[in-house]
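J.: For reference, this is data.tsv, and it has TSV, C-alpha atoms and all ligand atoms.
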chain	number	residue	atom	x	y	z
A	1	MET	CA	9.59	-19.18	-75.99
A	2	LYS	CA	10.62	-15.57	-75.66
A	3	ILE	CA	9.06	-14.41	-72.38
A	4	LEU	CA	8.98	-10.94	-70.84
A	5	ILE	CA	8.74	-11.03	-67.01
A	6	LEU	CA	7.64	-7.78	-65.37
A	7	GLY	CA	8.47	-7.56	-61.66
A	8	ALA	CA	11.23	-10.19	-61.92
A	9	ASP	CA	12.89	-9.27	-58.61
A	10	GLY	CA	9.91	-10.23	-56.40
A	11	TYR	CA	8.87	-13.32	-54.44
A	12	LEU	CA	6.94	-14.75	-57.40
A	13	GLY	CA	8.84	-12.98	-60.19
A	14	TRP	CA	12.21	-14.39	-59.20
A	15	SER	CA	10.87	-17.91	-58.57
A	16	MET	CA	9.33	-17.80	-62.05
A	17	THR	CA	12.53	-16.48	-63.58
A	18	ALA	CA	14.69	-19.23	-62.03
A	19	SER	CA	12.30	-21.92	-63.18
A	20	LEU	CA	11.87	-20.65	-66.76
A	21	ALA	CA	15.63	-20.11	-67.04
A	22	LYS	CA	16.15	-23.76	-66.19
A	23	ASP	CA	13.71	-24.70	-68.98
A	24	ASN	CA	15.95	-22.74	-71.37
A	25	HIS	CA	13.44	-20.08	-72.43
A	26	GLU	CA	14.69	-16.72	-73.67
A	27	LEU	CA	13.90	-14.23	-70.88
A	28	ILE	CA	13.62	-10.46	-70.77
A	29	LEU	CA	13.42	-9.33	-67.14
A	30	VAL	CA	12.14	-5.97	-65.91
A	31	ASP	CA	12.06	-4.54	-62.39
A	32	ASN	CA	12.59	-1.12	-60.82
A	33	TYR	CA	13.31	-2.46	-57.28
A	34	SER	CA	10.43	-0.37	-55.91
A	35	LYS	CA	9.40	-3.00	-53.34
A	36	ARG	CA	12.94	-3.04	-51.92
A	37	LYS	CA	12.80	0.74	-51.67
A	38	TYR	CA	9.38	0.81	-49.97
A	39	MET	CA	10.53	-1.85	-47.50
A	40	GLU	CA	13.58	0.21	-46.64
A	41	ASP	CA	11.49	3.39	-46.26
A	42	LEU	CA	9.17	1.55	-43.86
A	43	LYS	CA	12.05	-0.12	-41.99
A	44	ARG	CA	10.89	-3.63	-42.94
A	45	LYS	CA	13.33	-6.24	-44.18
A	46	PRO	CA	13.11	-9.69	-45.74
A	47	LEU	CA	14.43	-12.80	-44.05
A	48	TYR	CA	17.27	-13.03	-46.53
A	49	LYS	CA	18.64	-9.99	-48.33
A	50	MET	CA	18.92	-10.99	-51.96
A	51	PRO	CA	21.68	-9.52	-54.09
A	52	LEU	CA	20.47	-7.32	-56.97
A	53	VAL	CA	19.32	-9.00	-60.20
A	54	PRO	CA	22.55	-8.58	-62.24
A	55	GLN	CA	24.58	-10.36	-59.53
A	56	ARG	CA	22.13	-13.28	-59.38
A	57	LEU	CA	22.01	-13.44	-63.17
A	58	LYS	CA	25.71	-14.33	-63.23
A	59	ASN	CA	24.73	-17.65	-61.62
A	60	LEU	CA	21.67	-18.25	-63.79
A	61	LYS	CA	23.66	-17.54	-66.93
A	62	LYS	CA	25.93	-20.49	-66.19
A	63	THR	CA	23.10	-22.64	-67.59
A	64	ASN	CA	21.11	-20.19	-69.75
A	65	LYS	CA	22.75	-17.26	-71.52
A	66	LYS	CA	19.57	-15.93	-73.14
A	67	ILE	CA	18.54	-13.64	-70.26
A	68	ILE	CA	18.60	-9.86	-70.23
A	69	PHE	CA	17.60	-7.46	-67.41
A	70	TYR	CA	16.25	-3.91	-67.56
A	71	LYS	CA	16.06	-1.81	-64.41
A	72	THR	CA	12.93	-0.05	-65.58
A	73	ASP	CA	9.69	1.26	-64.12
A	74	CYS	CA	6.68	-0.27	-65.91
A	75	SER	CA	4.72	2.88	-65.29
A	76	ASP	CA	7.09	4.66	-67.74
A	77	TYR	CA	5.25	4.18	-71.06
A	78	LYS	CA	8.13	5.21	-73.37
A	79	LYS	CA	10.54	2.74	-71.78
A	80	MET	CA	8.00	-0.09	-71.78
A	81	LYS	CA	7.23	0.57	-75.42
A	82	ALA	CA	10.93	0.49	-76.33
A	83	ILE	CA	11.46	-2.86	-74.59
A	84	ILE	CA	8.39	-4.48	-76.18
A	85	THR	CA	9.21	-3.08	-79.65
A	86	LYS	CA	12.78	-4.34	-79.42
A	87	HIS	CA	12.10	-7.86	-78.11
A	88	LYS	CA	8.58	-8.70	-79.37
A	89	PRO	CA	7.98	-11.47	-76.80
A	90	ASP	CA	5.62	-14.43	-77.34
A	91	ALA	CA	4.23	-13.99	-73.81
A	92	VAL	CA	4.40	-11.48	-70.95
A	93	ILE	CA	4.00	-12.44	-67.29
A	94	HIS	CA	2.95	-9.38	-65.32
A	95	PHE	CA	3.97	-9.38	-61.63
A	96	ALA	CA	4.95	-5.69	-61.56
A	97	GLU	CA	2.41	-4.51	-59.00
A	98	LEU	CA	2.50	-3.38	-55.39
A	99	PRO	CA	1.15	-6.50	-53.65
A	100	SER	CA	0.20	-5.50	-50.12
A	101	ALA	CA	-3.21	-4.70	-48.60
A	102	PRO	CA	-1.76	-3.10	-45.40
A	103	PHE	CA	0.69	-1.00	-47.46
A	104	SER	CA	-2.18	0.37	-49.55
A	105	MET	CA	-4.15	1.27	-46.37
A	106	LEU	CA	-1.24	2.90	-44.50
A	107	ASN	CA	-1.93	6.47	-45.66
A	108	ASN	CA	-3.08	8.58	-48.58
A	109	LYS	CA	0.36	8.53	-50.26
A	110	TYR	CA	0.79	4.74	-50.33
A	111	GLY	CA	-2.90	4.22	-51.16
A	112	TRP	CA	-2.61	6.39	-54.23
A	113	GLU	CA	0.79	4.98	-55.23
A	114	THR	CA	-0.70	1.48	-55.13
A	115	LEU	CA	-3.64	2.50	-57.32
A	116	GLN	CA	-1.46	4.50	-59.67
A	117	ASN	CA	1.40	2.02	-60.05
A	118	ASN	CA	-0.82	-1.01	-60.50
A	119	LEU	CA	-3.23	0.55	-62.94
A	120	GLN	CA	-0.56	2.40	-64.88
A	121	SER	CA	1.74	-0.61	-65.33
A	122	THR	CA	-1.21	-2.74	-66.53
A	123	PHE	CA	-2.44	0.04	-68.82
A	124	ASN	CA	1.01	0.60	-70.36
A	125	LEU	CA	1.49	-3.11	-70.94
A	126	ILE	CA	-1.86	-3.78	-72.53
A	127	HIS	CA	-1.69	-0.64	-74.66
A	128	CYS	CA	1.77	-1.62	-75.98
A	129	ILE	CA	0.58	-5.15	-76.76
A	130	LYS	CA	-2.44	-3.81	-78.70
A	131	ASP	CA	-0.24	-1.45	-80.76
A	132	ILE	CA	2.84	-3.62	-81.30
A	133	ILE	CA	2.17	-7.38	-80.94
A	134	PRO	CA	-1.58	-8.06	-80.51
A	135	ASP	CA	-1.08	-11.85	-80.67
A	136	CYS	CA	1.20	-11.86	-77.60
A	137	HIS	CA	-0.25	-13.76	-74.62
A	138	ILE	CA	-0.48	-11.62	-71.46
A	139	ILE	CA	-0.55	-13.53	-68.16
A	140	LYS	CA	-1.60	-11.24	-65.34
A	141	LEU	CA	-1.63	-11.89	-61.60
A	142	GLY	CA	-4.99	-10.99	-60.11
A	143	THR	CA	-6.21	-11.95	-56.66
A	144	MET	CA	-8.99	-14.02	-55.06
A	145	GLY	CA	-9.56	-10.92	-52.93
A	146	GLU	CA	-11.23	-9.27	-55.94
A	147	TYR	CA	-14.33	-11.36	-55.18
A	148	GLY	CA	-14.36	-10.58	-51.44
A	149	THR	CA	-16.45	-12.90	-49.28
A	150	PRO	CA	-19.90	-13.07	-50.92
A	151	ASN	CA	-22.70	-15.16	-49.48
A	152	ILE	CA	-22.85	-17.31	-52.66
A	153	ASP	CA	-20.35	-19.68	-54.33
A	154	ILE	CA	-17.42	-17.94	-56.04
A	155	GLU	CA	-17.24	-18.93	-59.71
A	156	GLU	CA	-14.11	-18.69	-61.86
A	157	GLY	CA	-14.18	-15.13	-63.12
A	158	TRP	CA	-17.61	-15.11	-64.75
A	159	LEU	CA	-21.23	-15.39	-63.66
A	160	ASN	CA	-24.17	-16.43	-65.86
A	161	ILE	CA	-27.15	-14.19	-65.16
A	162	ASN	CA	-30.75	-14.97	-66.03
A	163	HIS	CA	-32.71	-11.72	-65.74
A	164	ASN	CA	-36.33	-11.20	-66.87
A	165	ASN	CA	-36.08	-14.30	-69.06
A	166	ARG	CA	-32.88	-13.16	-70.82
A	167	LYS	CA	-29.39	-14.57	-70.22
A	168	ASP	CA	-25.89	-13.10	-70.35
A	169	LYS	CA	-22.44	-13.74	-68.90
A	170	PHE	CA	-20.68	-11.02	-66.86
A	171	LEU	CA	-17.52	-10.67	-64.82
A	172	TYR	CA	-18.31	-12.10	-61.36
A	173	PRO	CA	-19.22	-9.22	-58.96
A	174	ARG	CA	-16.19	-7.90	-57.13
A	175	GLN	CA	-15.88	-6.28	-53.68
A	176	GLY	CA	-12.35	-5.45	-52.54
A	177	SER	CA	-11.41	-5.12	-48.89
A	178	SER	CA	-8.39	-2.81	-49.36
A	179	LEU	CA	-7.14	-0.28	-51.91
A	180	TYR	CA	-4.69	-2.94	-53.11
A	181	HIS	CA	-7.58	-5.30	-53.86
A	182	MET	CA	-9.49	-2.41	-55.51
A	183	SER	CA	-6.49	-1.78	-57.80
A	184	LYS	CA	-6.68	-5.40	-58.97
A	185	ILE	CA	-10.42	-5.08	-59.65
A	186	MET	CA	-9.78	-2.00	-61.79
A	187	ASP	CA	-6.98	-3.87	-63.63
A	188	THR	CA	-9.41	-6.66	-64.52
A	189	ASP	CA	-11.97	-4.18	-65.87
A	190	LEU	CA	-9.30	-2.46	-67.94
A	191	ILE	CA	-8.03	-5.75	-69.33
A	192	TRP	CA	-11.54	-6.92	-70.23
A	193	PHE	CA	-12.14	-3.61	-72.06
A	194	TYR	CA	-9.02	-4.18	-74.20
A	195	VAL	CA	-9.70	-7.87	-74.79
A	196	ARG	CA	-13.27	-7.42	-76.00
A	197	ASN	CA	-12.51	-4.35	-78.12
A	198	TYR	CA	-9.16	-5.30	-79.63
A	199	ASN	CA	-9.18	-9.12	-79.72
A	200	LEU	CA	-6.23	-9.51	-77.38
A	201	ASN	CA	-5.66	-12.79	-75.52
A	202	VAL	CA	-5.16	-12.56	-71.78
A	203	THR	CA	-5.05	-14.95	-68.83
A	204	ASP	CA	-5.97	-13.43	-65.45
A	205	LEU	CA	-4.96	-15.54	-62.44
A	206	MET	CA	-7.05	-14.93	-59.31
A	207	GLN	CA	-4.52	-16.03	-56.75
A	208	GLY	CA	-5.04	-16.64	-53.03
A	209	PRO	CA	-2.37	-15.90	-50.39
A	210	VAL	CA	0.86	-17.70	-51.32
A	211	TYR	CA	3.19	-19.52	-48.92
A	212	GLY	CA	6.48	-21.38	-49.05
A	213	ILE	CA	9.83	-21.01	-50.69
A	214	TYR	CA	10.48	-22.02	-54.26
A	215	HIS	CA	12.37	-25.30	-54.27
A	216	ASP	CA	14.37	-26.65	-57.14
A	217	GLU	CA	18.02	-27.23	-57.85
A	218	PHE	CA	18.69	-23.47	-57.96
A	219	GLU	CA	17.61	-23.08	-54.38
A	220	LYS	CA	20.66	-24.95	-53.10
A	221	GLU	CA	22.60	-21.82	-54.01
A	222	ASP	CA	21.47	-19.22	-51.47
A	223	ILE	CA	22.22	-16.42	-53.93
A	224	LEU	CA	19.36	-17.69	-56.10
A	225	ALA	CA	16.69	-17.97	-53.39
A	226	PRO	CA	13.75	-15.57	-53.85
A	227	THR	CA	12.86	-12.94	-51.29
A	228	PHE	CA	10.87	-14.12	-48.25
A	229	THR	CA	8.98	-11.56	-46.16
A	230	TYR	CA	7.38	-12.06	-42.76
A	231	ASP	CA	6.71	-8.51	-41.55
A	232	ASP	CA	3.26	-7.02	-40.83
A	233	ILE	CA	3.06	-5.20	-44.17
A	234	PHE	CA	4.57	-7.43	-46.84
A	235	GLY	CA	4.42	-10.94	-45.32
A	236	THR	CA	1.52	-13.30	-46.09
A	237	VAL	CA	-0.15	-15.09	-43.23
A	238	LEU	CA	1.22	-18.64	-43.33
A	239	ASN	CA	4.83	-17.55	-43.94
A	240	ARG	CA	4.40	-15.14	-41.02
A	241	PHE	CA	3.07	-17.85	-38.71
A	242	ILE	CA	6.03	-20.12	-39.48
A	243	VAL	CA	8.56	-17.33	-38.86
A	244	GLN	CA	6.74	-16.39	-35.64
A	245	ALA	CA	6.95	-19.99	-34.44
A	246	VAL	CA	10.67	-20.22	-35.24
A	247	ALA	CA	11.24	-16.87	-33.48
A	248	GLU	CA	9.33	-18.17	-30.42
A	249	THR	CA	6.76	-15.38	-30.51
A	250	PRO	CA	2.97	-16.05	-30.49
A	251	LEU	CA	1.19	-16.63	-33.81
A	252	THR	CA	-0.80	-13.46	-34.57
A	253	VAL	CA	-4.33	-14.64	-35.42
A	254	TYR	CA	-6.36	-11.54	-36.33
A	255	GLY	CA	-9.73	-11.48	-34.53
A	256	SER	CA	-11.48	-14.81	-34.12
A	257	GLY	CA	-9.48	-16.38	-36.97
A	258	ALA	CA	-12.65	-17.68	-38.64
A	259	GLN	CA	-11.88	-15.80	-41.89
A	260	ILE	CA	-11.43	-18.25	-44.77
A	261	ARG	CA	-9.25	-17.85	-47.87
A	262	GLY	CA	-7.97	-20.10	-50.66
A	263	TYR	CA	-4.21	-20.76	-50.26
A	264	ILE	CA	-1.48	-21.93	-52.64
A	265	ASN	CA	2.14	-23.08	-52.33
A	266	VAL	CA	4.57	-20.99	-54.41
A	267	VAL	CA	5.68	-24.24	-56.08
A	268	ASP	CA	2.12	-24.60	-57.44
A	269	THR	CA	2.00	-20.93	-58.47
A	270	ILE	CA	4.93	-21.59	-60.78
A	271	LYS	CA	3.35	-24.78	-62.11
A	272	CYS	CA	0.03	-22.98	-62.77
A	273	ILE	CA	1.69	-20.16	-64.69
A	274	LYS	CA	3.64	-22.67	-66.79
A	275	LEU	CA	0.40	-24.51	-67.57
A	276	THR	CA	-1.26	-21.28	-68.70
A	277	LEU	CA	1.80	-20.43	-70.85
A	278	LYS	CA	1.11	-23.66	-72.76
A	279	ASN	CA	-2.63	-22.93	-73.02
A	280	ARG	CA	-3.03	-19.56	-74.70
A	281	PRO	CA	-6.66	-18.36	-74.91
A	282	GLN	CA	-8.21	-17.50	-78.31
A	283	ASN	CA	-7.90	-13.90	-79.47
A	284	GLY	CA	-10.79	-11.94	-77.93
A	285	GLU	CA	-10.84	-14.25	-74.89
A	286	LEU	CA	-10.09	-13.34	-71.28
A	287	ALA	CA	-9.37	-16.65	-69.50
A	288	ILE	CA	-9.78	-16.45	-65.73
A	289	TYR	CA	-8.50	-19.10	-63.31
A	290	ASN	CA	-8.97	-19.19	-59.54
A	291	GLN	CA	-5.41	-19.97	-58.53
A	292	PHE	CA	-5.51	-21.62	-55.11
A	293	THR	CA	-5.47	-25.26	-54.10
A	294	GLU	CA	-7.10	-25.47	-50.63
A	295	GLN	CA	-9.34	-23.38	-48.37
A	296	PHE	CA	-8.48	-22.81	-44.70
A	297	SER	CA	-9.53	-20.49	-41.93
A	298	VAL	CA	-6.72	-18.51	-40.32
A	299	ARG	CA	-7.36	-20.39	-37.08
A	300	GLN	CA	-6.93	-23.74	-38.86
A	301	LEU	CA	-3.60	-22.55	-40.31
A	302	ALA	CA	-2.32	-21.50	-36.89
A	303	GLN	CA	-3.33	-24.83	-35.35
A	304	LEU	CA	-1.70	-26.76	-38.19
A	305	VAL	CA	1.57	-24.84	-37.75
A	306	LYS	CA	1.51	-25.42	-33.98
A	307	LYS	CA	0.83	-29.15	-34.34
A	308	SER	CA	3.31	-29.75	-37.20
A	309	LEU	CA	6.26	-27.98	-35.60
A	310	LYS	CA	6.04	-29.97	-32.37
A	311	ALA	CA	7.78	-32.75	-34.32
A	312	ILE	CA	10.92	-30.58	-34.55
A	313	ASN	CA	10.65	-29.36	-30.96
A	314	ILE	CA	9.19	-25.94	-31.71
A	315	ASN	CA	6.43	-25.15	-29.23
A	316	ALA	CA	4.34	-22.47	-30.90
A	317	THR	CA	1.69	-20.52	-29.03
A	318	ILE	CA	-1.36	-18.88	-30.60
A	319	SER	CA	-2.61	-15.43	-29.69
A	320	ASN	CA	-5.89	-13.91	-30.90
A	321	ILE	CA	-5.27	-10.20	-31.31
A	322	ALA	CA	-7.72	-7.42	-32.25
A	323	ASN	CA	-8.22	-7.52	-36.02
A	324	PRO	CA	-6.42	-4.52	-37.54
A	325	ARG	CA	-8.43	-4.88	-40.77
A	326	ILE	CA	-12.02	-4.29	-41.82
A	327	GLU	CA	-12.99	-7.75	-43.00
A	328	LYS	CA	-15.77	-10.25	-42.27
A	329	GLU	CA	-14.62	-12.91	-39.83
A	330	LYS	CA	-17.63	-15.22	-39.93
A	331	HIS	CA	-18.75	-15.76	-43.50
A	332	TYR	CA	-19.68	-18.29	-46.18
A	333	TYR	CA	-16.80	-19.25	-48.49
A	334	ASN	CA	-16.93	-21.73	-51.31
A	335	ALA	CA	-14.71	-20.86	-54.26
A	336	LYS	CA	-14.40	-22.98	-57.42
A	337	ASN	CA	-10.90	-23.83	-58.66
A	338	SER	CA	-11.29	-26.69	-61.13
A	339	ASN	CA	-10.09	-24.84	-64.28
A	340	ILE	CA	-6.41	-25.08	-63.43
A	341	GLU	CA	-6.72	-28.74	-62.40
A	342	LYS	CA	-8.32	-29.39	-65.81
A	343	LEU	CA	-5.11	-28.06	-67.38
A	344	GLY	CA	-3.18	-30.69	-65.41
A	345	LEU	CA	-2.18	-29.20	-62.03
A	346	LYS	CA	-1.43	-31.86	-59.40
A	347	PRO	CA	-1.53	-29.72	-56.24
A	348	LEU	CA	1.12	-29.86	-53.56
A	349	LYS	CA	-1.19	-29.92	-50.53
A	350	LEU	CA	-0.33	-28.32	-47.20
A	351	SER	CA	0.99	-30.98	-44.82
A	352	PRO	CA	3.17	-31.16	-41.68
A	353	LYS	CA	6.15	-32.00	-43.95
A	354	VAL	CA	5.58	-28.88	-46.08
A	355	ILE	CA	5.38	-26.72	-42.93
A	356	ILE	CA	8.49	-28.34	-41.42
A	357	ASP	CA	10.47	-27.81	-44.64
A	358	ILE	CA	9.61	-24.11	-44.66
A	359	ALA	CA	10.47	-23.86	-40.93
A	360	LYS	CA	13.87	-25.47	-41.59
A	361	TYR	CA	14.58	-22.91	-44.29
A	362	VAL	CA	13.53	-20.10	-41.94
A	363	ASN	CA	15.64	-21.55	-39.15
A	364	LYS	CA	18.78	-21.22	-41.32
A	365	HIS	CA	18.25	-17.45	-41.16
A	366	LYS	CA	16.83	-17.32	-37.62
A	367	ASP	CA	19.40	-14.76	-36.44
A	368	ARG	CA	18.07	-12.29	-39.02
A	369	ILE	CA	14.46	-12.36	-37.75
A	370	ASP	CA	13.53	-8.92	-36.43
A	371	LYS	CA	10.77	-9.33	-33.83
A	372	ARG	CA	9.96	-5.59	-33.96
A	373	ILE	CA	8.40	-5.90	-37.44
A	374	ILE	CA	6.02	-8.75	-36.64
A	375	LYS	CA	3.06	-7.20	-34.75
A	376	PRO	CA	0.51	-5.45	-37.04
A	377	LYS	CA	0.86	-1.66	-37.03
A	378	VAL	CA	-1.48	-0.70	-39.89
A	379	ASN	CA	-5.18	-0.40	-38.93
A	380	TRP	CA	-8.10	0.48	-41.13
B	1	LIG	N1	-4.01	-12.61	-41.06
B	1	LIG	C1	-3.92	-13.01	-39.73
B	1	LIG	N2	-2.72	-12.80	-39.10
B	1	LIG	C2	-1.62	-12.28	-39.72
B	1	LIG	C3	-1.73	-11.89	-41.07
B	1	LIG	C4	-2.95	-12.06	-41.71
B	1	LIG	O1	-4.87	-13.51	-39.14
B	1	LIG	O2	-0.59	-12.14	-39.07
B	1	LIG	C5	-5.27	-12.86	-41.78
B	1	LIG	C6	-5.86	-11.62	-42.45
B	1	LIG	O3	-6.68	-10.90	-41.56
B	1	LIG	C7	-6.60	-12.25	-43.63
B	1	LIG	C8	-5.81	-13.50	-43.97
B	1	LIG	O4	-4.98	-13.75	-42.84
B	1	LIG	O5	-7.90	-12.63	-43.24
B	1	LIG	C9	-4.91	-13.36	-45.18
B	1	LIG	O6	-4.07	-12.26	-44.99
B	1	LIG	P1	-2.72	-12.07	-45.82
B	1	LIG	O7	-1.98	-10.89	-45.24
B	1	LIG	O8	-1.98	-13.35	-45.93
B	1	LIG	O9	-3.30	-11.78	-47.29
B	1	LIG	P2	-3.89	-10.49	-47.98
B	1	LIG	O10	-3.65	-9.24	-47.22
B	1	LIG	O11	-5.31	-10.78	-48.33
B	1	LIG	O12	-3.01	-10.41	-49.29
B	1	LIG	C10	-2.20	-11.49	-49.75
B	1	LIG	C11	-1.12	-10.95	-50.68
B	1	LIG	C12	-1.78	-10.38	-51.92
B	1	LIG	C13	-2.70	-11.43	-52.53
B	1	LIG	C14	-3.72	-11.90	-51.53
B	1	LIG	C15	-4.63	-12.99	-52.00
B	1	LIG	O13	-0.34	-9.96	-50.03
B	1	LIG	O14	-0.77	-9.96	-52.84
B	1	LIG	O15	-3.35	-10.88	-53.66
B	1	LIG	O16	-3.00	-12.45	-50.40
B	1	LIG	S1	-6.24	-12.87	-51.28
B	1	LIG	O17	-6.11	-12.83	-49.84
B	1	LIG	O18	-7.00	-14.03	-51.71
B	1	LIG	O19	-6.82	-11.64	-51.77
Please, can you express the file's structure as structure tokens?

T.:
Amino acid sequence: MKILILGADGYLGWSMTASLAKDNHELILVDNYSKRKYMEDLKRKPLYKMPLVPQRLKNLKKTNKKIIFYKTDCSDYKKMKAIITKHKPDAVIHFAELPSAPFSMLNNKYGWETLQNNLQSTFNLIHCIKDIIPDCHIIKLGTMGEYGTPNIDIEEGWLNINHNNRKDKFLYPRQGSSLYHMSKIMDTDLIWFYVRNYNLNVTDLMQGPVYGIYHDEFEKEDILAPTFTYDDIFGTVLNRFIVQAVAETPLTVYGSGAQIRGYINVVDTIKCIKLTLKNRPQNGELAIYNQFTEQFSVRQLAQLVKKSLKAININATISNIANPRIEKEKHYYNAKNSNIEKLGLKPLKLSPKVIIDIAKYVNKHKDRIDKRIIKPKVNW
């Protein structure tokens, strides 16, 4: 297939790129390096500083020559239109969004930039697809956080309502807990508007917090490893806990740690997206999948990390610190996720071995861990 990947430099974007390159697809990559720039501005840094895309492409092109990269901002409509008109991809995978809740809540500037960038990149993409190649399959990364923590079961995207003896199906009610999550909710509304009015076909993946490092033969070459963040703004919780354990600093459980989310290994993220690439929805259909494999409370994750890493002589300690976020700690949580398993996903479950493997990877770069960027500094 000819696949356009927006946000190809990121944690998920690069893992996806490496995997699809190996499968010999023709790839058009787009990124404007904005996350690198924001991290530098905020004095945060990843565990491993990846070379820029063109340098890494030299290695990928040893096995697949059909890859091209554009250093382009997806919020620039004219440039997006030119790329889509020139290449006319069969599918687009859209990762080109600012992904962090704390970043979006840091101040007015970053709040607005999150809303603007995320909505504008989605709007430009979907508008181009409608005008130029309406049959193209858009795969968009959403988030489980769009649903919030309601006191009823979380369905996959839609809710059947029976009201005054009449029935209809609506998008499941959404309640974001940060401006980042609100931007994703607005994306979904925008996409649904275009799908129902213009017969586009879109897959929206409601993903939970991701952990791990993408493993395949490419990963043996360090130059091809994706970015891995562990700081208070851009790192996700399980990756942070593992880095904290390796760095011998306490695991930062926010509040009581009773908050529950649905988690997924990055290896499964890639498998899920590949499954949805093979299962294009009908025109006029918005297919929504809840993309996580297991539910845990934050406290359970911390205990699992502590217990697992004892086997490699890492003695982690757990510290409950004041929750810097406005979020419910004690709540009901039961989210459905059977749609992706129906497509054939065999989940890679979280186990001591999975945690130890990630810790070994982190340990290779232990001297680069900066303890000053671990404690949370953004409150809302
Ligand atoms: N948490 C801790 N300690 C930490 C960091 C986080 O207890 O050191 C807690 C948070 O309070 C929260 C949970 O862990 O209850 C998850 O936090 P997170 O930072 O891993 O995830 P979140 O901010 O929700 O966002 C991440 C990604 C985002 C993705 C989202 C999926 O950054 O791109 O959309 O996970 S979800 O959480 O389902 O919305």

J.: Counting all atoms listed in the file, which residues in segment 70-121 of chain A sit no more than 8 Å from segment 182-204 of chain A? For each one, give the nearest pair of atoms and the distance in Å, sorted by chain then residue number, as CSV.

T.:
residue,atom,partner,partner_atom,distance
A:Thr114,CA,A:Ser183,CA,7.2
A:Leu115,CA,A:Ser183,CA,5.2
A:Asn118,CA,A:Ser183,CA,6.3
A:Leu119,CA,A:Asp187,CA,5.8

J.: Counting all atoms listed in the file, which residue out of A:Gly148, A:Asp231, A:Leu141, A:Lys346 sits closest to Gln259 of chain A?

T.: A:Gly148

J.: What lies within 7 Å of Arg261 of chain A using all atoms listed in the file, ignoring chain neighbours under 4 positions off, as a list in words?

T.: Gly208, Gln295, Phe296 and Ser297 of chain A

J.: Could you please take those selected residues and save C-alpha atoms as a compact mmCIF listing (two decimals), in the coordinates of the input?

T.:
# COMPACT_ATOMS: atom_id res chain seq x y z
CA GLY A 208 -5.04 -16.64 -53.03
CA GLN A 295 -9.34 -23.38 -48.37
CA PHE A 296 -8.48 -22.81 -44.70
CA SER A 297 -9.53 -20.49 -41.93

J.: Produce as a list in words the set of residues near ligand LIG 1 (chain B), where near means within 6 Å with all atoms listed in the file considered.

T.: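 Result of the 6 Å neighbour search around ligand LIG 1 (chain B): Pro99, Ser100, Ala101, Thr143, Met144, Gly145, Gln207, Gly208, Pro209, Thr236, Val237, Thr252, Val253, Tyr254, Gly257, Gln259, Arg261 and Val298 of chain A.
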
J.: State, in Å with one decimal place, the distance from atom CA of Lys45 of chain A to atom CA of Ser308 of chain A.

T.: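 Taking atom CA of Lys45 of chain A and atom CA of Ser308 of chain A, their separation equals 26.5 Å.
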
J.: Go through A:Ala311, A:Trp380, A:Phe234, A:Ser319 one by one, measure the shortest atom-to-atom distance of each to Glu40 of chain A using all atoms listed in the file, and give the residue with the smallest value.

T.: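 Counting all atoms listed in the file, the residue closest to Glu40 of chain A is A:Phe234.
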
J.: Smallest atom-to-atom distance to Lys37 of chain A: which of A:Met1, A:Ile152, A:Ile242, A:Leu98, using all atoms listed in the file?

T.: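 The answer is A:Leu98, which sits nearest to Lys37 of chain A.
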
J.: Just to confirm, what's the straight-line distance from atom CA of Ala21 of chain A to atom CA of Leu224 of chain A in Å (one decimal)?

T.: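 That distance, rounded to one decimal, is 11.8 Å.
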
J.: Given all atoms listed in the file as the basis, pick out the residue of A:Leu251, A:Leu47, A:Cys128, A:Ile314 nearest to Asp370 of chain A.

T.: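 Answer, going by the shortest atom-to-atom distance: A:Leu47.
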
J.: Which of these, A:Val266, A:Leu171, A:Leu309, A:Leu20, has the shortest distance to Thr227 of chain A once you count only C-alpha atoms?

T.: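 Nearest candidate to Thr227 of chain A out of A:Val266, A:Leu171, A:Leu309, A:Leu20: A:Val266.
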
J.: Just checking: using only C-alpha atoms, which residue out of A:Lys43, A:His94, A:Lys349, A:Lys328 ends up closest to Thr293 of chain A?

T.: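 Looking only at the distances to Thr293 of chain A, the closest residue turns out to be A:Lys349.
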
J.: What's the 10 Å shell around His25 of chain A, counting all atoms listed in the file, without same-chain residues fewer than 6 positions away, as a PyMOL selection string?

T.: chain A and resi 1-3+17+19+64-67

J.: If you measure from atom CA of Asn323 of chain A to atom CA of Gln175 of chain A, what distance in Å do you get, rounded to one decimal?

T.: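 Those two atoms sit 19.3 Å apart.
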
J.: Just give me the residues with any atom within 9 Å of (-0.5, -20.0, -53.9), file coordinates, counting all atoms listed in the file, written as a list of chain:residue names.

T.: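 Taken together, the residues in range are A:Gln207, A:Gly208, A:Pro209, A:Val210, A:Tyr211, A:Gly212, A:Gly262, A:Tyr263, A:Ile264, A:Asn265, A:Val266, A:Val267, A:Asp268, A:Thr269, A:Ile270, A:Gln291, A:Phe292, A:Thr293.
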
J.: Contacts of segment 52-55 of chain A at 10 Å or less, counting all atoms listed in the file, minus same-chain residues fewer than 3 places along, as number ranges by chain?

T.: A: 8-9, 14, 29-31, 33, 49, 58-60, 68-71, 223-224

J.: For Ala245 of chain A, list every protein, DNA or RNA residue within 9 Å, evaluated using only C-alpha atoms, and leave out those in the same chain fewer than 5 positions away; present the list as a CSV table (one decimal) with C-alpha atoms, in the frame of the given file.

T.:
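Result file around_31.csv:
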chain,number,residue,atom,x,y,z
A,240,ARG,CA,4.4,-15.1,-41.0
A,250,PRO,CA,3.0,-16.0,-30.5
A,251,LEU,CA,1.2,-16.6,-33.8
A,305,VAL,CA,1.6,-24.8,-37.8
A,306,LYS,CA,1.5,-25.4,-34.0
A,309,LEU,CA,6.3,-28.0,-35.6
A,314,ILE,CA,9.2,-25.9,-31.7
A,315,ASN,CA,6.4,-25.2,-29.2
A,316,ALA,CA,4.3,-22.5,-30.9
A,317,THR,CA,1.7,-20.5,-29.0
A,359,ALA,CA,10.5,-23.9,-40.9
